[in-house]
Amino acid sequence: MSNYDKVPYPDFIHPATHPGNMAAIARLHGVNAPPPESCRVLELACGPGGNLISLATLLPSSHFEGIDLAAGHVKTGNSMIGKLGLSNIQLHHGRIEDWVTEAESDGERFDYIIAHGAYSWVPEEARQAILAICQLRLSDNGVALISYNTYPGWHQRQMARDIMRYHADGIEDPQTRLRHGKALLSSVAQNVPQGSAYQVALEEELKALDQANEAYISHEQFEDTNRPCYFHEFATEAASHCLQTIAEADWGDSTYEQVRPDVASALASLPKIRRAQTLDFFRRRTFRQTLLCRDSVAVSEQLQSSAMESMHFVTSSKLEGDQITGSNGLSGTVDHPVTQAAIGRLIDQYPSSISCEELCAIVDSQEPDALATLKADLFNLVCVGLVSVSASPTEACREVSSHPRATALSREQVLLGDTVTNLRHQPIRLDDTTAHLVRCCDGQSDHASLIESMIAYAMANGGLVEGDQVITGEENLRPLVNSKMTSNLQRLAAMALLVG
């Protein structure tokens, strides 16, 4: 039995691992990544399979396989696969090392390989096996995503980890171990010189621990193996397995945000690996999600904007006049009327995506300059994170039907916890009342039936919170639920949870 059987790892969803995202970034760097709609995907250390199961529901014509050392994880995942009736996914119980075999046919190769939350947290043999599997099992233009803890940021976190592990040494119970470790860390922070760099560093780590999932902390901070590295070390190790880095799987991880223009210019002149490593020093980076491919594939140093013409766009940003503001807090200016019209179209279609071809169709064929401006503006908005791009479309139900239907996956997930996965492969945390509404949206119940279900739920659970009041009693709950049902269903549609 592994430690992950004793303390199951949280079943996290990782949006960056969507093949549509991986393919988009790879193609923008000149790599002709396989089509996400009909690909083969392998996830190493897949945990309970939540990340892979979500992808399997979103890409039904693709094939998915996962492997995990914890038998409990695999059992949990296979149970969910059975409930959903999925036939395009298999989870295997076993060691990563057992998959280090030469692929004898295309059916044993994978277009996308995911190792999220494994590389830094497994022994050396398994770490090398992850890279070897990418070398032996990737298809010719396949892309791998490997996440890992990085220096220099992890020097500070290592200090906190060492303090907690020392104090909790010999304690077997995970919750007690975590409680004792955090108690000492807090005590140290309170008893060092106020305002000192040491205190500031400890307080930062305590704040991060308070915001994190306890099961995640238990493994991140108390497992024997947690081996951060510098990016240049990772790139060298990957190269020894005939692999090369493409870019980071998250757009914002490769920009020069918060770096002075003169420094950004100097960084841009450096070789690729040295540039990325130096940027890590500026950012005090703690974590990376790096995309890799075979070293025989041509990777472009410059982003290929022409690759965006076959992609799909989506944005949750807001546009007021010529000012665009993203949900991530970033903002910018959109000057050209055609670009403003395109962004307005994207906003209207959210959470569904729109193809580049469809966006460009809004430009009058007699305005070639406007078309070039639109493409350039879209490219810039993607690069700064105000518009998202994918190699595969997102099709979500934007209009609430007479018999709303939430995704089958989300209706199963609300029975297990407060986090569901939407049609954009994003985790969405729900309050108890919204979670119950998701469960009730089975495609069979009309709005009147949903209202009755929510009234019964509220009465059985002490009422509903409205402002600073708790509303109880059927005579008070009925008008409240009735007045809010339409807007609450529209919220589910906006969260990309409805398919009908």
# chains A, B, ... in the order shown; residues from 1 in each chain; ligands from 1

$ closest_atom_pairs --of "stretch 303-339 of chain A" --to "stretch 11-30 of chain A" --cutoff "6 Å" --atoms "only C-alpha atoms" --output "JSON lines"
{"residue": "A:Leu303", "atom": "CA", "partner": "A:His29", "partner_atom": "CA", "distance": 5.2}
{"residue": "A:Gln304", "atom": "CA", "partner": "A:Leu28", "partner_atom": "CA", "distance": 4.8}
{"residue": "A:Ala307", "atom": "CA", "partner": "A:Leu28", "partner_atom": "CA", "distance": 5.6}

$ write_last_selection --atoms "C-alpha atoms" --output "mmCIF file, in the first residue's frame"
data_model
loop_
_atom_site.group_PDB
_atom_site.id
_atom_site.type_symbol
_atom_site.label_atom_id
_atom_site.label_comp_id
_atom_site.auth_asym_id
_atom_site.auth_seq_id
_atom_site.Cartn_x
_atom_site.Cartn_y
_atom_site.Cartn_z
ATOM 1 C CA LEU A 303 5.713 32.492 -32.293
ATOM 2 C CA GLN A 304 4.021 31.589 -35.579
ATOM 3 C CA ALA A 307 -0.984 29.061 -36.840
#

$ residues_around --residues "A:Gly332" --least-positions-apart "3" --cutoff "9 Å" --atoms "only C-alpha atoms" --output "number ranges by chain"
A: 322-326, 381, 386

$ select_by_dssp --residues "stretch 105-259 of chain A" --states "strand (DSSP E)" --output "list in words"
Phe110, Asp111, Tyr112, Ile113, Ile114, Ala115, Leu138, Ser139, Asp140, Asn141, Gly142, Val143, Ala144, Leu145, Ile146, Ser147, Tyr148, Asn149, Leu243, Gln244, Thr245, Ile246, Ala247 and Glu248 of chain A

$ residues_around --residues "A:Val334" --least-positions-apart "5" --cutoff "12 Å" --atoms "only C-alpha atoms" --output "ChimeraX atom specification"
/A:318-325,339-344,373-374,376-378,380-381,386

$ write_last_selection --atoms "C-alpha atoms" --output "PDB file, in the first residue's frame"
ATOM      1  CA  LYS A 318     -15.229  42.540 -20.382  1.00  0.00           C
ATOM      2  CA  LEU A 319     -15.165  45.293 -23.028  1.00  0.00           C
ATOM      3  CA  GLU A 320     -16.199  48.847 -22.173  1.00  0.00           C
ATOM      4  CA  GLY A 321     -15.534  51.282 -24.986  1.00  0.00           C
ATOM      5  CA  ASP A 322     -11.987  50.536 -26.065  1.00  0.00           C
ATOM      6  CA  GLN A 323     -10.934  49.059 -22.690  1.00  0.00           C
ATOM      7  CA  ILE A 324     -10.763  45.287 -22.288  1.00  0.00           C
ATOM      8  CA  THR A 325     -10.411  43.815 -18.802  1.00  0.00           C
ATOM      9  CA  THR A 339     -11.377  44.128 -33.303  1.00  0.00           C
ATOM     10  CA  GLN A 340     -13.923  45.602 -30.920  1.00  0.00           C
ATOM     11  CA  ALA A 341     -16.690  43.885 -32.900  1.00  0.00           C
ATOM     12  CA  ALA A 342     -14.794  40.577 -32.777  1.00  0.00           C
ATOM     13  CA  ILE A 343     -14.269  40.819 -29.019  1.00  0.00           C
ATOM     14  CA  GLY A 344     -17.930  41.708 -28.581  1.00  0.00           C
ATOM     15  CA  THR A 373      -5.257  44.360 -38.023  1.00  0.00           C
ATOM     16  CA  LEU A 374      -7.807  41.961 -36.530  1.00  0.00           C
ATOM     17  CA  ALA A 376      -2.594  40.977 -35.283  1.00  0.00           C
ATOM     18  CA  ASP A 377      -4.813  42.234 -32.454  1.00  0.00           C
ATOM     19  CA  LEU A 378      -6.115  38.740 -31.694  1.00  0.00           C
ATOM     20  CA  ASN A 380      -1.517  40.142 -29.146  1.00  0.00           C
ATOM     21  CA  LEU A 381      -4.579  39.616 -26.948  1.00  0.00           C
ATOM     22  CA  LEU A 386      -6.959  38.502 -22.447  1.00  0.00           C
TER      23      LEU A 386
END

$ residues_around --residues "stretch 470-482 of chain A" --least-positions-apart "2" --cutoff "9 Å" --atoms "only C-alpha atoms" --output "PyMOL selection string"
chain A and resi 448+451-452+454-456+458-459+462-468+484-486

$ write_last_selection --atoms "C-alpha atoms" --output "PDB file, in the first residue's frame"
ATOM      1  CA  ALA A 448     -41.496  24.216 -12.355  1.00  0.00           C
ATOM      2  CA  ILE A 451     -38.455  25.080  -8.325  1.00  0.00           C
ATOM      3  CA  GLU A 452     -40.261  22.424  -6.288  1.00  0.00           C
ATOM      4  CA  MET A 454     -35.125  23.503  -4.632  1.00  0.00           C
ATOM      5  CA  ILE A 455     -37.903  24.485  -2.194  1.00  0.00           C
ATOM      6  CA  ALA A 456     -37.893  20.972  -0.738  1.00  0.00           C
ATOM      7  CA  ALA A 458     -34.140  24.454   1.267  1.00  0.00           C
ATOM      8  CA  MET A 459     -36.767  23.342   3.776  1.00  0.00           C
ATOM      9  CA  GLY A 462     -32.663  25.107   7.226  1.00  0.00           C
ATOM     10  CA  GLY A 463     -33.617  27.554   4.496  1.00  0.00           C
ATOM     11  CA  LEU A 464     -31.702  29.714   2.022  1.00  0.00           C
ATOM     12  CA  VAL A 465     -29.343  32.604   2.682  1.00  0.00           C
ATOM     13  CA  GLU A 466     -30.447  35.868   1.060  1.00  0.00           C
ATOM     14  CA  GLY A 467     -28.190  38.805   1.834  1.00  0.00           C
ATOM     15  CA  ASP A 468     -27.640  38.738   5.584  1.00  0.00           C
ATOM     16  CA  LYS A 484     -34.138  33.395  -8.828  1.00  0.00           C
ATOM     17  CA  MET A 485     -34.514  30.192 -10.815  1.00  0.00           C
ATOM     18  CA  THR A 486     -33.975  31.758 -14.242  1.00  0.00           C
TER      19      THR A 486
END

$ select_by_dssp --residues "stretch 120-177 of chain A" --states "helix (DSSP H, G or I)" --output "number ranges by chain"
A: 120-121, 124-137, 153-167, 174-177

$ write_last_selection --atoms "N, CA and C atoms" --output "mmCIF file, in the first residue's frame"
data_model
loop_
_atom_site.group_PDB
_atom_site.id
_atom_site.type_symbol
_atom_site.label_atom_id
_atom_site.label_comp_id
_atom_site.auth_asym_id
_atom_site.auth_seq_id
_atom_site.Cartn_x
_atom_site.Cartn_y
_atom_site.Cartn_z
ATOM 1 N N SER A 120 8.682 15.760 -9.674
ATOM 2 C CA SER A 120 9.429 16.196 -8.479
ATOM 3 C C SER A 120 9.163 15.329 -7.265
ATOM 4 N N TRP A 121 8.139 14.478 -7.347
ATOM 5 C CA TRP A 121 7.640 13.807 -6.159
ATOM 6 C C TRP A 121 7.841 12.296 -6.163
ATOM 7 N N GLU A 124 14.243 8.694 -7.987
ATOM 8 C CA GLU A 124 15.034 8.927 -9.194
ATOM 9 C C GLU A 124 14.680 7.959 -10.323
ATOM 10 N N GLU A 125 14.491 6.676 -10.008
ATOM 11 C CA GLU A 125 14.190 5.698 -11.046
ATOM 12 C C GLU A 125 12.898 6.049 -11.773
ATOM 13 N N ALA A 126 11.877 6.438 -11.022
ATOM 14 C CA ALA A 126 10.596 6.798 -11.639
ATOM 15 C C ALA A 126 10.710 8.111 -12.400
ATOM 16 N N ARG A 127 11.509 9.041 -11.881
ATOM 17 C CA ARG A 127 11.697 10.326 -12.565
ATOM 18 C C ARG A 127 12.322 10.118 -13.944
ATOM 19 N N GLN A 128 13.337 9.275 -13.993
ATOM 20 C CA GLN A 128 13.963 8.982 -15.288
ATOM 21 C C GLN A 128 13.007 8.211 -16.192
ATOM 22 N N ALA A 129 12.159 7.385 -15.584
ATOM 23 C CA ALA A 129 11.193 6.614 -16.363
ATOM 24 C C ALA A 129 10.193 7.534 -17.060
ATOM 25 N N ILE A 130 9.793 8.619 -16.401
ATOM 26 C CA ILE A 130 8.859 9.574 -17.009
ATOM 27 C C ILE A 130 9.440 10.106 -18.318
ATOM 28 N N LEU A 131 10.705 10.510 -18.284
ATOM 29 C CA LEU A 131 11.346 11.035 -19.490
ATOM 30 C C LEU A 131 11.554 9.939 -20.524
ATOM 31 N N ALA A 132 11.896 8.745 -20.066
ATOM 32 C CA ALA A 132 12.109 7.628 -20.992
ATOM 33 C C ALA A 132 10.815 7.259 -21.713
ATOM 34 N N ILE A 133 9.696 7.284 -20.999
ATOM 35 C CA ILE A 133 8.406 6.982 -21.613
ATOM 36 C C ILE A 133 8.078 8.017 -22.689
ATOM 37 N N CYS A 134 8.370 9.290 -22.398
ATOM 38 C CA CYS A 134 8.146 10.339 -23.398
ATOM 39 C C CYS A 134 9.015 10.080 -24.635
ATOM 40 N N GLN A 135 10.238 9.664 -24.411
ATOM 41 C CA GLN A 135 11.148 9.379 -25.526
ATOM 42 C C GLN A 135 10.666 8.190 -26.356
ATOM 43 N N LEU A 136 10.217 7.138 -25.682
ATOM 44 C CA LEU A 136 9.881 5.880 -26.360
ATOM 45 C C LEU A 136 8.444 5.823 -26.869
ATOM 46 N N ARG A 137 7.543 6.559 -26.226
ATOM 47 C CA ARG A 137 6.120 6.373 -26.523
ATOM 48 C C ARG A 137 5.451 7.556 -27.243
ATOM 49 N N GLY A 153 12.303 29.795 -6.397
ATOM 50 C CA GLY A 153 11.206 29.985 -5.460
ATOM 51 C C GLY A 153 11.103 28.905 -4.407
ATOM 52 N N TRP A 154 11.491 27.676 -4.768
ATOM 53 C CA TRP A 154 11.336 26.592 -3.806
ATOM 54 C C TRP A 154 12.407 26.579 -2.717
ATOM 55 N N HIS A 155 13.411 27.425 -2.819
ATOM 56 C CA HIS A 155 14.360 27.542 -1.705
ATOM 57 C C HIS A 155 13.622 27.999 -0.447
ATOM 58 N N GLN A 156 12.724 28.973 -0.608
ATOM 59 C CA GLN A 156 11.944 29.458 0.536
ATOM 60 C C GLN A 156 10.986 28.388 1.022
ATOM 61 N N ARG A 157 10.298 27.718 0.102
ATOM 62 C CA ARG A 157 9.349 26.681 0.501
ATOM 63 C C ARG A 157 10.058 25.478 1.119
ATOM 64 N N GLN A 158 11.270 25.222 0.661
ATOM 65 C CA GLN A 158 12.045 24.117 1.225
ATOM 66 C C GLN A 158 12.318 24.378 2.704
ATOM 67 N N MET A 159 12.591 25.625 3.041
ATOM 68 C CA MET A 159 12.841 25.996 4.430
ATOM 69 C C MET A 159 11.625 25.678 5.298
ATOM 70 N N ALA A 160 10.449 26.067 4.820
ATOM 71 C CA ALA A 160 9.227 25.796 5.580
ATOM 72 C C ALA A 160 8.970 24.294 5.673
ATOM 73 N N ARG A 161 9.191 23.587 4.588
ATOM 74 C CA ARG A 161 8.999 22.132 4.576
ATOM 75 C C ARG A 161 9.917 21.454 5.589
ATOM 76 N N ASP A 162 11.182 21.872 5.637
ATOM 77 C CA ASP A 162 12.145 21.263 6.559
ATOM 78 C C ASP A 162 11.741 21.489 8.016
ATOM 79 N N ILE A 163 11.252 22.706 8.303
ATOM 80 C CA ILE A 163 10.824 23.025 9.672
ATOM 81 C C ILE A 163 9.663 22.108 10.083
ATOM 82 N N MET A 164 8.674 21.986 9.211
ATOM 83 C CA MET A 164 7.489 21.188 9.542
ATOM 84 C C MET A 164 7.820 19.704 9.646
ATOM 85 N N ARG A 165 8.623 19.194 8.725
ATOM 86 C CA ARG A 165 8.972 17.777 8.756
ATOM 87 C C ARG A 165 9.785 17.429 9.999
ATOM 88 N N TYR A 166 10.656 18.336 10.425
ATOM 89 C CA TYR A 166 11.478 18.074 11.614
ATOM 90 C C TYR A 166 10.591 17.942 12.846
ATOM 91 N N HIS A 167 9.642 18.870 12.978
ATOM 92 C CA HIS A 167 8.797 18.879 14.171
ATOM 93 C C HIS A 167 7.818 17.700 14.179
ATOM 94 N N PRO A 174 -1.579 11.423 9.558
ATOM 95 C CA PRO A 174 -1.341 12.544 8.656
ATOM 96 C C PRO A 174 -1.885 13.874 9.166
ATOM 97 N N GLN A 175 -3.111 13.880 9.709
ATOM 98 C CA GLN A 175 -3.693 15.135 10.175
ATOM 99 C C GLN A 175 -2.941 15.685 11.382
ATOM 100 N N THR A 176 -2.544 14.789 12.290
ATOM 101 C CA THR A 176 -1.764 15.226 13.455
ATOM 102 C C THR A 176 -0.408 15.757 13.020
ATOM 103 N N ARG A 177 0.194 15.080 12.062
ATOM 104 C CA ARG A 177 1.498 15.497 11.542
ATOM 105 C C ARG A 177 1.401 16.897 10.932
#

$ residues_around --residues "A:Arg429" --least-positions-apart "6" --cutoff "8 Å" --atoms "only C-alpha atoms" --output "list in words"
Asp418, Thr419 and Val420 of chain A

$ closest_residue --among "A:His92, A:Arg40, A:His73, A:His336" --to "A:Leu59" --atoms "only C-alpha atoms"
A:Arg40

$ closest_residue --among "A:Ser410, A:Gln90, A:Ser445, A:Ser139" --to "A:Ser296" --atoms "only C-alpha atoms"
A:Ser139

$ atom_distance --atom1 "atom CA of A:Asn422" --atom2 "atom CA of A:Leu292"
26.7 Å

$ residues_around --residues "stretch 352-364 of chain A" --least-positions-apart "5" --cutoff "10 Å" --atoms "only C-alpha atoms" --output "PyMOL selection string"
chain A and resi 308-315+338-339+341-343+345-347+369-372+374-375+378+388-398+423-424+494+496

$ closest_residue --among "A:Gly117, A:Thr407, A:Ala197, A:Leu415" --to "A:Phe287" --atoms "only C-alpha atoms"
A:Gly117

$ closest_residue --among "A:Ser87, A:Phe222, A:Pro35, A:Leu450" --to "A:Asp173" --atoms "only C-alpha atoms"
A:Phe222
